[in-house]
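What follows is one structure encoded as structure tokens, with my remarks underneath.
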Amino acid sequence: MTAVQDKFYTDAFIAGGWKAAPRTFSVTNPSTGAEIARVADCTPEMAKEAIEAAVTAFSSWKKVPPYERGKLLRRWFELLMEHQEKLARLMALEMGKTIKEARGEVAYAAGFVEFYADECSRMNDEIIPSKFPHKRGMARYEAVGVVYAVTPWNFPLAMITRKVGPALAAGCVVINKPAELSPLTALYAAQLWREAGGPEGTLQVLPTNDPAAFSSPFFADDRIRKLTFTGSTEVGKILYRQSAATMKRVSLELGGHAPVLVFADADLDKTLEQVFFTKWRNNGQTCITANRFYVHSSIAEEFGRRLSEQAAALIVGDALEESTQVGPLVEQQGLDKVVRHVADALEKGATLMTGGTAPGGLFYTPTVLSGVKAGMLILEEETFGPVAPIVTFETEEEAVQAANNSAYGLSAYLFTSDLSRAWRVSEALEYGIVGVNDGAPFAMNPQSPFGGVKQSGIGREGGRWGLEEYLSVKYISMGI
Ligand code: NAD
């Protein structure tokens, strides 16, 4: 028995109310395989209906004084925190995040709403000096317009609030299409926006099992002025191309392939403590998870042994159990990819130090591989699972070159006690985020810029940078 009663919203949240779809699709619990709920499978016609409601809502929401918008956001923040346990359970149920991590995600996600509620009172326009005494110039920040937000399953709440928080603060309105694997958390958050007093049509959430067909009206419609997407690089490229037809603003938060550089002078106790967070959190299913470990040859054996001990001690189990540290993979496709990457590495000569088994269902034992070399799939593709491949290096240049040898550029980590090296290497790494002796650069941190370079995306979320993504600058010049 659980103290908290689960509550599911399963219809689409359109124009401030709940609406059933002609069809539904199944949402299952990856820990058990059981169906949790059937959810509205929204059609392109429903997308069009939401667009009309959003266009109407935008015409008034953009005129609401930012201070008032901030008050509603603050109320939403408070409700998200009041419902922390319910939201956390939904996440654990629908995508297998451990209940402890899920509670943390709710707080992290709500933090964006709180941060942007406060930013509402800091949205100042700027006066620009003129060369002429009879002229005055002004840069006025205006809401971009109606936003289409497509979000992934791995952070079912935070990836929504990181977009919706700044968008609503800026005066934009948002239609969110949550991932088909995790719509329940999104729908629950929409209900809380309603309870906070969020006006009709300002935030709408429409789940679907056919994202491509459902999305087409958004790309055809000139009134949708922005696409904000978090997900794979592959899908991001498709949506980027589709956005070109109506020249939408885009923010793309895409895949990563994070390298971790462990130098001979690193404090290994601290390194392993930090690696614990970046490697095993969310079962390795995060875009900034440690995907490739480059370890100096002089400490590689000790590091590998201690990381293996850490991995072997992790408690794998049902996401809702308080003791669980690693839950299931989210779906069969994800598990298959992990199995394929490990098999490929072993075939090509890597050594299995621990793990490497699929004990049933969607579970996979936390795995450490040593002797990993260029040419193995695991060094080329995002694994998105609980596997730590170790490559050894001799020189700093070699490590930096290997780390940068990727199409991705989201996050990288380095561990060293040498301050000069810390600066040198963080500047040389071609990544949007660098953690120096820090495996959790974003823990409870909505005020910092999150985003990648290269094929990891365009734009930044969080902090003032995240707000700018939803504002366009109008220059007003006045003769006096
Ligand atoms: P995905 O790209 O498969 O799906 C993301 C979203 O896109 C889902 O809502 C899905 O329904 C939708 N989608 C898929 N095809 C579509 C289409 N043709 N048209 C419109 N929408 C479509 O990614 P995923 O498996 O849900 O998430 C994992 C990926 O997300 C990983 O690559 C991870 O690195 C990335 N990610 C990036 C960040 C970041 O901030 N950079 C954060 C979290 C996850």
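Chain labels follow the order of the structure tokens: the first chain is A, the next B, and so on; residue numbering restarts at 1 in every chain, and ligands are counted from 1 in their shown order.
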
Kindly compile the residues surrounding ligand 1 within 6 Å, counting only C-alpha atoms and all ligand atoms, and format them as a PDB file with all heavy atoms, in the first residue's frame.
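Written file, result-v6.pdb:
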ATOM      1  N   VAL A 150       8.163  20.064 -28.237  1.00  0.00           N
ATOM      2  CA  VAL A 150       8.186  18.601 -28.337  1.00  0.00           C
ATOM      3  C   VAL A 150       9.227  18.099 -27.335  1.00  0.00           C
ATOM      4  O   VAL A 150      10.387  18.532 -27.376  1.00  0.00           O
ATOM      5  CB  VAL A 150       8.553  18.164 -29.777  1.00  0.00           C
ATOM      6  CG1 VAL A 150       8.595  16.638 -29.891  1.00  0.00           C
ATOM      7  CG2 VAL A 150       7.555  18.753 -30.772  1.00  0.00           C
ATOM      8  N   THR A 151       8.816  17.211 -26.452  1.00  0.00           N
ATOM      9  CA  THR A 151       9.694  16.851 -25.328  1.00  0.00           C
ATOM     10  C   THR A 151       9.908  15.332 -25.222  1.00  0.00           C
ATOM     11  O   THR A 151       9.086  14.547 -25.682  1.00  0.00           O
ATOM     12  CB  THR A 151       9.098  17.401 -24.008  1.00  0.00           C
ATOM     13  OG1 THR A 151       7.702  17.062 -23.941  1.00  0.00           O
ATOM     14  CG2 THR A 151       9.236  18.905 -23.937  1.00  0.00           C
ATOM     15  N   PRO A 152      11.017  14.934 -24.578  1.00  0.00           N
ATOM     16  CA  PRO A 152      11.370  13.506 -24.480  1.00  0.00           C
ATOM     17  C   PRO A 152      10.855  12.872 -23.185  1.00  0.00           C
ATOM     18  O   PRO A 152      10.318  13.554 -22.317  1.00  0.00           O
ATOM     19  CB  PRO A 152      12.898  13.558 -24.462  1.00  0.00           C
ATOM     20  CG  PRO A 152      13.190  14.801 -23.677  1.00  0.00           C
ATOM     21  CD  PRO A 152      12.070  15.784 -23.971  1.00  0.00           C
ATOM     22  N   TRP A 153      11.085  11.577 -23.061  1.00  0.00           N
ATOM     23  CA  TRP A 153      10.580  10.829 -21.913  1.00  0.00           C
ATOM     24  C   TRP A 153      11.574  10.812 -20.757  1.00  0.00           C
ATOM     25  O   TRP A 153      11.204  10.477 -19.637  1.00  0.00           O
ATOM     26  CB  TRP A 153      10.285   9.368 -22.315  1.00  0.00           C
ATOM     27  CG  TRP A 153      11.455   8.744 -23.017  1.00  0.00           C
ATOM     28  CD1 TRP A 153      11.655   8.678 -24.374  1.00  0.00           C
ATOM     29  CD2 TRP A 153      12.624   8.161 -22.423  1.00  0.00           C
ATOM     30  NE1 TRP A 153      12.870   8.097 -24.648  1.00  0.00           N
ATOM     31  CE2 TRP A 153      13.486   7.760 -23.467  1.00  0.00           C
ATOM     32  CE3 TRP A 153      13.032   7.933 -21.112  1.00  0.00           C
ATOM     33  CZ2 TRP A 153      14.720   7.158 -23.250  1.00  0.00           C
ATOM     34  CZ3 TRP A 153      14.271   7.328 -20.882  1.00  0.00           C
ATOM     35  CH2 TRP A 153      15.091   6.951 -21.944  1.00  0.00           C
ATOM     36  N   PRO A 178       4.026  15.825 -25.405  1.00  0.00           N
ATOM     37  CA  PRO A 178       4.963  15.038 -24.595  1.00  0.00           C
ATOM     38  C   PRO A 178       5.331  13.736 -25.311  1.00  0.00           C
ATOM     39  O   PRO A 178       4.653  13.334 -26.263  1.00  0.00           O
ATOM     40  CB  PRO A 178       4.159  14.748 -23.323  1.00  0.00           C
ATOM     41  CG  PRO A 178       2.731  14.790 -23.748  1.00  0.00           C
ATOM     42  CD  PRO A 178       2.647  15.763 -24.904  1.00  0.00           C
ATOM     43  N   ALA A 179       6.387  13.091 -24.838  1.00  0.00           N
ATOM     44  CA  ALA A 179       6.783  11.809 -25.426  1.00  0.00           C
ATOM     45  C   ALA A 179       5.682  10.776 -25.179  1.00  0.00           C
ATOM     46  O   ALA A 179       5.026  10.799 -24.137  1.00  0.00           O
ATOM     47  CB  ALA A 179       8.092  11.350 -24.805  1.00  0.00           C
ATOM     48  N   GLU A 180       5.525   9.862 -26.120  1.00  0.00           N
ATOM     49  CA  GLU A 180       4.470   8.856 -25.988  1.00  0.00           C
ATOM     50  C   GLU A 180       4.725   7.911 -24.814  1.00  0.00           C
ATOM     51  O   GLU A 180       3.799   7.279 -24.306  1.00  0.00           O
ATOM     52  CB  GLU A 180       4.258   8.089 -27.304  1.00  0.00           C
ATOM     53  CG  GLU A 180       5.487   7.659 -28.068  1.00  0.00           C
ATOM     54  CD  GLU A 180       6.092   8.757 -28.953  1.00  0.00           C
ATOM     55  OE1 GLU A 180       6.291   9.880 -28.462  1.00  0.00           O
ATOM     56  OE2 GLU A 180       6.386   8.472 -30.125  1.00  0.00           O
ATOM     57  N   PRO A 211       3.622  10.889 -33.655  1.00  0.00           N
ATOM     58  CA  PRO A 211       4.129  12.265 -33.562  1.00  0.00           C
ATOM     59  C   PRO A 211       4.326  12.951 -34.913  1.00  0.00           C
ATOM     60  O   PRO A 211       4.109  14.164 -35.013  1.00  0.00           O
ATOM     61  CB  PRO A 211       5.463  12.104 -32.823  1.00  0.00           C
ATOM     62  CG  PRO A 211       5.810  10.671 -32.871  1.00  0.00           C
ATOM     63  CD  PRO A 211       4.527   9.914 -33.024  1.00  0.00           C
ATOM     64  N   ALA A 212       4.706  12.190 -35.933  1.00  0.00           N
ATOM     65  CA  ALA A 212       4.983  12.836 -37.230  1.00  0.00           C
ATOM     66  C   ALA A 212       3.699  13.405 -37.831  1.00  0.00           C
ATOM     67  O   ALA A 212       3.640  14.580 -38.211  1.00  0.00           O
ATOM     68  CB  ALA A 212       5.638  11.836 -38.177  1.00  0.00           C
ATOM     69  N   SER A 215       2.238  16.273 -35.793  1.00  0.00           N
ATOM     70  CA  SER A 215       3.026  17.522 -35.811  1.00  0.00           C
ATOM     71  C   SER A 215       2.870  18.309 -37.095  1.00  0.00           C
ATOM     72  O   SER A 215       3.190  19.505 -37.124  1.00  0.00           O
ATOM     73  CB  SER A 215       4.513  17.207 -35.608  1.00  0.00           C
ATOM     74  OG  SER A 215       4.701  16.620 -34.344  1.00  0.00           O
ATOM     75  N   THR A 230      13.396  18.928 -27.467  1.00  0.00           N
ATOM     76  CA  THR A 230      14.444  18.157 -26.799  1.00  0.00           C
ATOM     77  C   THR A 230      14.239  16.706 -27.172  1.00  0.00           C
ATOM     78  O   THR A 230      13.141  16.161 -27.019  1.00  0.00           O
ATOM     79  CB  THR A 230      14.394  18.322 -25.262  1.00  0.00           C
ATOM     80  OG1 THR A 230      14.633  19.691 -24.945  1.00  0.00           O
ATOM     81  CG2 THR A 230      15.457  17.486 -24.587  1.00  0.00           C
ATOM     82  N   GLY A 231      15.305  16.099 -27.671  1.00  0.00           N
ATOM     83  CA  GLY A 231      15.221  14.702 -28.074  1.00  0.00           C
ATOM     84  C   GLY A 231      16.472  14.324 -28.852  1.00  0.00           C
ATOM     85  O   GLY A 231      17.521  14.965 -28.705  1.00  0.00           O
ATOM     86  N   SER A 232      16.345  13.314 -29.677  1.00  0.00           N
ATOM     87  CA  SER A 232      17.510  12.801 -30.395  1.00  0.00           C
ATOM     88  C   SER A 232      17.936  13.757 -31.515  1.00  0.00           C
ATOM     89  O   SER A 232      17.113  14.491 -32.067  1.00  0.00           O
ATOM     90  CB  SER A 232      17.180  11.428 -30.983  1.00  0.00           C
ATOM     91  OG  SER A 232      16.133  11.570 -31.916  1.00  0.00           O
ATOM     92  N   VAL A 235      15.892  13.044 -34.853  1.00  0.00           N
ATOM     93  CA  VAL A 235      14.567  13.672 -34.975  1.00  0.00           C
ATOM     94  C   VAL A 235      14.722  15.200 -35.015  1.00  0.00           C
ATOM     95  O   VAL A 235      14.028  15.888 -35.765  1.00  0.00           O
ATOM     96  CB  VAL A 235      13.622  13.228 -33.828  1.00  0.00           C
ATOM     97  CG1 VAL A 235      12.304  13.996 -33.879  1.00  0.00           C
ATOM     98  CG2 VAL A 235      13.353  11.726 -33.916  1.00  0.00           C
ATOM     99  N   GLU A 253      17.582  20.909 -28.326  1.00  0.00           N
ATOM    100  CA  GLU A 253      18.421  20.291 -27.284  1.00  0.00           C
ATOM    101  C   GLU A 253      18.513  18.815 -27.638  1.00  0.00           C
ATOM    102  O   GLU A 253      17.558  18.061 -27.441  1.00  0.00           O
ATOM    103  CB  GLU A 253      17.769  20.462 -25.901  1.00  0.00           C
ATOM    104  CG  GLU A 253      17.668  21.900 -25.425  1.00  0.00           C
ATOM    105  CD  GLU A 253      19.006  22.464 -24.952  1.00  0.00           C
ATOM    106  OE1 GLU A 253      19.973  21.702 -24.776  1.00  0.00           O
ATOM    107  OE2 GLU A 253      19.081  23.691 -24.771  1.00  0.00           O
ATOM    108  N   LEU A 254      19.665  18.410 -28.180  1.00  0.00           N
ATOM    109  CA  LEU A 254      19.735  17.089 -28.811  1.00  0.00           C
ATOM    110  C   LEU A 254      20.652  16.116 -28.054  1.00  0.00           C
ATOM    111  O   LEU A 254      20.943  16.325 -26.893  1.00  0.00           O
ATOM    112  CB  LEU A 254      20.181  17.280 -30.261  1.00  0.00           C
ATOM    113  CG  LEU A 254      19.360  18.323 -31.037  1.00  0.00           C
ATOM    114  CD1 LEU A 254      19.887  18.499 -32.449  1.00  0.00           C
ATOM    115  CD2 LEU A 254      17.881  17.963 -31.049  1.00  0.00           C
ATOM    116  N   GLY A 255      21.072  15.108 -28.745  1.00  0.00           N
ATOM    117  CA  GLY A 255      21.819  14.031 -28.101  1.00  0.00           C
ATOM    118  C   GLY A 255      23.215  14.450 -27.665  1.00  0.00           C
ATOM    119  O   GLY A 255      23.741  15.492 -28.059  1.00  0.00           O
ATOM    120  N   GLY A 256      23.812  13.613 -26.817  1.00  0.00           N
ATOM    121  CA  GLY A 256      25.169  13.867 -26.342  1.00  0.00           C
ATOM    122  C   GLY A 256      25.973  12.577 -26.366  1.00  0.00           C
ATOM    123  O   GLY A 256      25.443  11.501 -26.656  1.00  0.00           O
ATOM    124  N   THR A 286      20.491   9.789 -19.704  1.00  0.00           N
ATOM    125  CA  THR A 286      20.433  11.247 -19.739  1.00  0.00           C
ATOM    126  C   THR A 286      21.356  11.711 -20.865  1.00  0.00           C
ATOM    127  O   THR A 286      22.319  11.029 -21.211  1.00  0.00           O
ATOM    128  CB  THR A 286      20.873  11.908 -18.403  1.00  0.00           C
ATOM    129  OG1 THR A 286      22.298  11.932 -18.368  1.00  0.00           O
ATOM    130  CG2 THR A 286      20.330  11.202 -17.189  1.00  0.00           C
ATOM    131  N   CYS A 287      21.027  12.887 -21.403  1.00  0.00           N
ATOM    132  CA  CYS A 287      21.825  13.385 -22.523  1.00  0.00           C
ATOM    133  C   CYS A 287      23.218  13.788 -22.073  1.00  0.00           C
ATOM    134  O   CYS A 287      24.130  13.855 -22.876  1.00  0.00           O
ATOM    135  CB  CYS A 287      21.115  14.566 -23.171  1.00  0.00           C
ATOM    136  SG  CYS A 287      20.650  15.797 -21.955  1.00  0.00           S
ATOM    137  N   GLY A 451      23.034  23.575 -22.832  1.00  0.00           N
ATOM    138  CA  GLY A 451      22.888  23.374 -24.275  1.00  0.00           C
ATOM    139  C   GLY A 451      24.207  22.973 -24.896  1.00  0.00           C
ATOM    140  O   GLY A 451      25.254  23.026 -24.248  1.00  0.00           O
TER     141      GLY A 451
END

Between region 375-404 of chain A and region 329-342 of chain A, at 10 Å or less, what are the per-residue closest atom pairs and their distances in Å? Count only C-alpha atoms, order by chain and rising residue number, and return it as a Markdown table.
| residue | atom | partner | partner_atom | distance |
| --- | --- | --- | --- | --- |
| A:Met376 | CA | A:His341 | CA | 8.0 |
| A:Leu377 | CA | A:His341 | CA | 6.0 |
| A:Ile378 | CA | A:His341 | CA | 5.4 |
| A:Leu379 | CA | A:His341 | CA | 9.1 |
| A:Glu380 | CA | A:His341 | CA | 9.9 |
| A:Glu381 | CA | A:His341 | CA | 8.7 |
| A:Glu382 | CA | A:Lys337 | CA | 9.4 |
| A:Thr383 | CA | A:Val338 | CA | 6.0 |
| A:Phe384 | CA | A:Gly334 | CA | 7.3 |
| A:Gly385 | CA | A:Val338 | CA | 6.0 |
| A:Pro386 | CA | A:Val338 | CA | 7.9 |
| A:Val387 | CA | A:Val338 | CA | 7.6 |
| A:Ala388 | CA | A:Val342 | CA | 9.9 |
| A:Pro389 | CA | A:Val342 | CA | 9.0 |

Neighbours of region 408-420 of chain A within 7 Å (only C-alpha atoms; same-chain residues fewer than 6 positions away dropped), as a PDB file with N, CA and C atoms, in the first residue's frame?
ATOM      1  N   GLY A 256      23.812  13.613 -26.817  1.00  0.00           N
ATOM      2  CA  GLY A 256      25.169  13.867 -26.342  1.00  0.00           C
ATOM      3  C   GLY A 256      25.973  12.577 -26.366  1.00  0.00           C
ATOM      4  N   HIS A 257      27.264  12.692 -26.092  1.00  0.00           N
ATOM      5  CA  HIS A 257      28.134  11.511 -26.052  1.00  0.00           C
ATOM      6  C   HIS A 257      29.296  11.879 -25.132  1.00  0.00           C
ATOM      7  N   ALA A 258      28.949  12.184 -23.876  1.00  0.00           N
ATOM      8  CA  ALA A 258      29.886  12.867 -22.982  1.00  0.00           C
ATOM      9  C   ALA A 258      31.145  12.073 -22.665  1.00  0.00           C
ATOM     10  N   PRO A 259      32.300  12.686 -22.901  1.00  0.00           N
ATOM     11  CA  PRO A 259      33.559  12.082 -22.450  1.00  0.00           C
ATOM     12  C   PRO A 259      33.874  12.500 -21.017  1.00  0.00           C
ATOM     13  N   VAL A 260      34.550  11.615 -20.298  1.00  0.00           N
ATOM     14  CA  VAL A 260      35.015  11.927 -18.939  1.00  0.00           C
ATOM     15  C   VAL A 260      36.523  11.723 -18.947  1.00  0.00           C
ATOM     16  N   LEU A 261      37.284  12.777 -18.680  1.00  0.00           N
ATOM     17  CA  LEU A 261      38.747  12.684 -18.700  1.00  0.00           C
ATOM     18  C   LEU A 261      39.247  12.608 -17.260  1.00  0.00           C
ATOM     19  N   VAL A 262      39.898  11.508 -16.927  1.00  0.00           N
ATOM     20  CA  VAL A 262      40.419  11.358 -15.563  1.00  0.00           C
ATOM     21  C   VAL A 262      41.946  11.377 -15.647  1.00  0.00           C
ATOM     22  N   PHE A 263      42.535  12.463 -15.144  1.00  0.00           N
ATOM     23  CA  PHE A 263      43.984  12.616 -15.229  1.00  0.00           C
ATOM     24  C   PHE A 263      44.655  11.944 -14.035  1.00  0.00           C
ATOM     25  N   ASP A 265      46.528  13.065 -11.875  1.00  0.00           N
ATOM     26  CA  ASP A 265      46.545  13.846 -10.631  1.00  0.00           C
ATOM     27  C   ASP A 265      45.144  14.030 -10.027  1.00  0.00           C
ATOM     28  N   ALA A 266      44.151  13.325 -10.543  1.00  0.00           N
ATOM     29  CA  ALA A 266      42.788  13.475 -10.004  1.00  0.00           C
ATOM     30  C   ALA A 266      42.694  12.857  -8.609  1.00  0.00           C
ATOM     31  N   ASP A 267      41.847  13.440  -7.776  1.00  0.00           N
ATOM     32  CA  ASP A 267      41.529  12.846  -6.475  1.00  0.00           C
ATOM     33  C   ASP A 267      40.495  11.739  -6.762  1.00  0.00           C
ATOM     34  N   THR A 271      36.502  11.822  -7.518  1.00  0.00           N
ATOM     35  CA  THR A 271      36.121  11.518  -8.902  1.00  0.00           C
ATOM     36  C   THR A 271      35.036  10.440  -8.930  1.00  0.00           C
ATOM     37  N   ILE A 288      23.405  14.059 -20.767  1.00  0.00           N
ATOM     38  CA  ILE A 288      24.734  14.447 -20.292  1.00  0.00           C
ATOM     39  C   ILE A 288      25.386  13.321 -19.485  1.00  0.00           C
ATOM     40  N   GLU A 430      35.438  20.894 -26.987  1.00  0.00           N
ATOM     41  CA  GLU A 430      34.412  21.481 -27.869  1.00  0.00           C
ATOM     42  C   GLU A 430      33.022  21.032 -27.402  1.00  0.00           C
ATOM     43  N   TYR A 431      32.628  21.573 -26.262  1.00  0.00           N
ATOM     44  CA  TYR A 431      31.354  21.181 -25.648  1.00  0.00           C
ATOM     45  C   TYR A 431      30.647  22.404 -25.082  1.00  0.00           C
ATOM     46  N   GLY A 432      29.331  22.348 -24.996  1.00  0.00           N
ATOM     47  CA  GLY A 432      28.561  23.456 -24.436  1.00  0.00           C
ATOM     48  C   GLY A 432      28.619  23.495 -22.913  1.00  0.00           C
ATOM     49  N   ILE A 433      28.923  22.346 -22.305  1.00  0.00           N
ATOM     50  CA  ILE A 433      28.936  22.231 -20.841  1.00  0.00           C
ATOM     51  C   ILE A 433      30.186  21.456 -20.433  1.00  0.00           C
ATOM     52  N   VAL A 434      30.949  21.969 -19.484  1.00  0.00           N
ATOM     53  CA  VAL A 434      32.101  21.224 -18.989  1.00  0.00           C
ATOM     54  C   VAL A 434      32.023  21.168 -17.459  1.00  0.00           C
ATOM     55  N   GLY A 435      32.054  19.979 -16.921  1.00  0.00           N
ATOM     56  CA  GLY A 435      32.085  19.801 -15.472  1.00  0.00           C
ATOM     57  C   GLY A 435      33.529  19.564 -15.051  1.00  0.00           C
ATOM     58  N   VAL A 436      34.098  20.483 -14.274  1.00  0.00           N
ATOM     59  CA  VAL A 436      35.470  20.310 -13.780  1.00  0.00           C
ATOM     60  C   VAL A 436      35.381  19.808 -12.349  1.00  0.00           C
ATOM     61  N   ASN A 437      35.810  18.599 -12.135  1.00  0.00           N
ATOM     62  CA  ASN A 437      35.669  17.938 -10.823  1.00  0.00           C
ATOM     63  C   ASN A 437      34.210  17.992 -10.354  1.00  0.00           C
ATOM     64  N   GLY A 439      30.443  16.202 -11.389  1.00  0.00           N
ATOM     65  CA  GLY A 439      29.658  15.297 -12.223  1.00  0.00           C
ATOM     66  C   GLY A 439      28.193  15.694 -12.293  1.00  0.00           C
ATOM     67  N   GLY A 451      23.034  23.575 -22.832  1.00  0.00           N
ATOM     68  CA  GLY A 451      22.888  23.374 -24.275  1.00  0.00           C
ATOM     69  C   GLY A 451      24.207  22.973 -24.896  1.00  0.00           C
ATOM     70  N   GLY A 452      24.132  22.565 -26.152  1.00  0.00           N
ATOM     71  CA  GLY A 452      25.311  22.009 -26.787  1.00  0.00           C
ATOM     72  C   GLY A 452      25.778  22.761 -28.014  1.00  0.00           C
ATOM     73  N   VAL A 453      26.936  22.328 -28.519  1.00  0.00           N
ATOM     74  CA  VAL A 453      27.446  22.802 -29.805  1.00  0.00           C
ATOM     75  C   VAL A 453      27.448  21.610 -30.763  1.00  0.00           C
ATOM     76  N   LYS A 454      27.910  21.842 -31.986  1.00  0.00           N
ATOM     77  CA  LYS A 454      27.963  20.803 -33.022  1.00  0.00           C
ATOM     78  C   LYS A 454      26.572  20.147 -33.172  1.00  0.00           C
ATOM     79  N   GLN A 455      26.525  18.834 -33.269  1.00  0.00           N
ATOM     80  CA  GLN A 455      25.217  18.207 -33.525  1.00  0.00           C
ATOM     81  C   GLN A 455      24.419  17.949 -32.244  1.00  0.00           C
ATOM     82  N   SER A 456      24.816  18.602 -31.157  1.00  0.00           N
ATOM     83  CA  SER A 456      24.026  18.491 -29.928  1.00  0.00           C
ATOM     84  C   SER A 456      22.991  19.596 -29.807  1.00  0.00           C
TER      85      SER A 456
END

Exercise for the section: Record the distance separating CA of Glu321 (chain A) and CA of Asn29 (chain A), expressed in Å with one decimal. Expected result: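 That distance, rounded to one decimal, is 13.5 Å.
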
Problem - Counting only C-alpha atoms, the option among A:Phe25, A:Phe58, A:Trp423, A:Tyr475 closest to Arg38 (chain A) - result: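 Checking each of A:Phe25, A:Phe58, A:Trp423, A:Tyr475 against Arg38 (chain A), counting only C-alpha atoms, the winner is A:Phe25.
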
Problem - Nearby residues (only C-alpha atoms) at most 6 Å from region 160-169 of chain A, same-chain spacing under 3 positions excluded, as a ChimeraX atom specification - result: /A:109,112-113,116,120,157,172-173,467,470

How about saving the chosen residues, N, CA and C atoms kept, as a CSV table (one decimal), in the first residue's frame?
chain,number,residue,atom,x,y,z
A,109,ALA,N,12.6,20.5,-11.8
A,109,ALA,CA,11.6,21.0,-12.8
A,109,ALA,C,10.9,22.3,-12.2
A,112,PHE,N,12.7,25.7,-12.3
A,112,PHE,CA,12.6,26.5,-13.6
A,112,PHE,C,11.4,27.5,-13.5
A,113,VAL,N,10.3,26.9,-13.0
A,113,VAL,CA,9.1,27.8,-12.9
A,113,VAL,C,9.3,28.9,-11.9
A,116,TYR,N,11.8,31.5,-13.4
A,116,TYR,CA,11.2,32.4,-14.5
A,116,TYR,C,10.1,33.3,-13.9
A,120,CYS,N,10.3,37.5,-14.4
A,120,CYS,CA,9.2,38.4,-14.9
A,120,CYS,C,9.4,39.8,-14.5
A,157,LEU,N,9.2,15.8,-16.7
A,157,LEU,CA,8.7,17.1,-16.2
A,157,LEU,C,9.7,18.3,-16.5
A,172,CYS,N,4.8,34.2,-24.3
A,172,CYS,CA,4.4,33.3,-25.3
A,172,CYS,C,3.4,32.3,-24.7
A,173,VAL,N,2.7,31.6,-25.6
A,173,VAL,CA,1.8,30.5,-25.2
A,173,VAL,C,2.4,29.2,-25.8
A,467,LEU,N,15.5,32.5,-21.3
A,467,LEU,CA,14.4,33.4,-21.6
A,467,LEU,C,14.5,34.1,-22.9
A,470,TYR,N,12.8,33.0,-26.1
A,470,TYR,CA,11.3,33.3,-26.3
A,470,TYR,C,11.0,34.7,-26.5

Exercise for the section: Return the single residue from A:Ser308, A:Gln325, A:Thr185, A:Ser298 that is closest to Thr392 (chain A), with distances computed using only C-alpha atoms. Expected result: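 Nearest to Thr392 (chain A): A:Ser298.
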
Problem - Expected answer as a ChimeraX atom specification: helix (DSSP H, G or I) residues in region 280-449 of chain A - result: /A:280-284,297-313,332-347,377-379,396-404,419-428

Practice task
Go through A:Lys373, A:Arg421, A:Lys19, A:Arg225 one by one, measure the shortest atom-to-atom distance of each to Glu396 (chain A) using only C-alpha atoms, and give the residue with the smallest value.
Solution key: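 Counting only C-alpha atoms, the residue closest to Glu396 (chain A) is A:Arg421.
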
Exercise for the section: Excluding region 125-140 of chain A and any residue of its chain fewer than 4 positions from it, enumerate the residues within 9 Å of it, using only C-alpha atoms, and give them as a ChimeraX atom specification. Expected result: /A:472-480
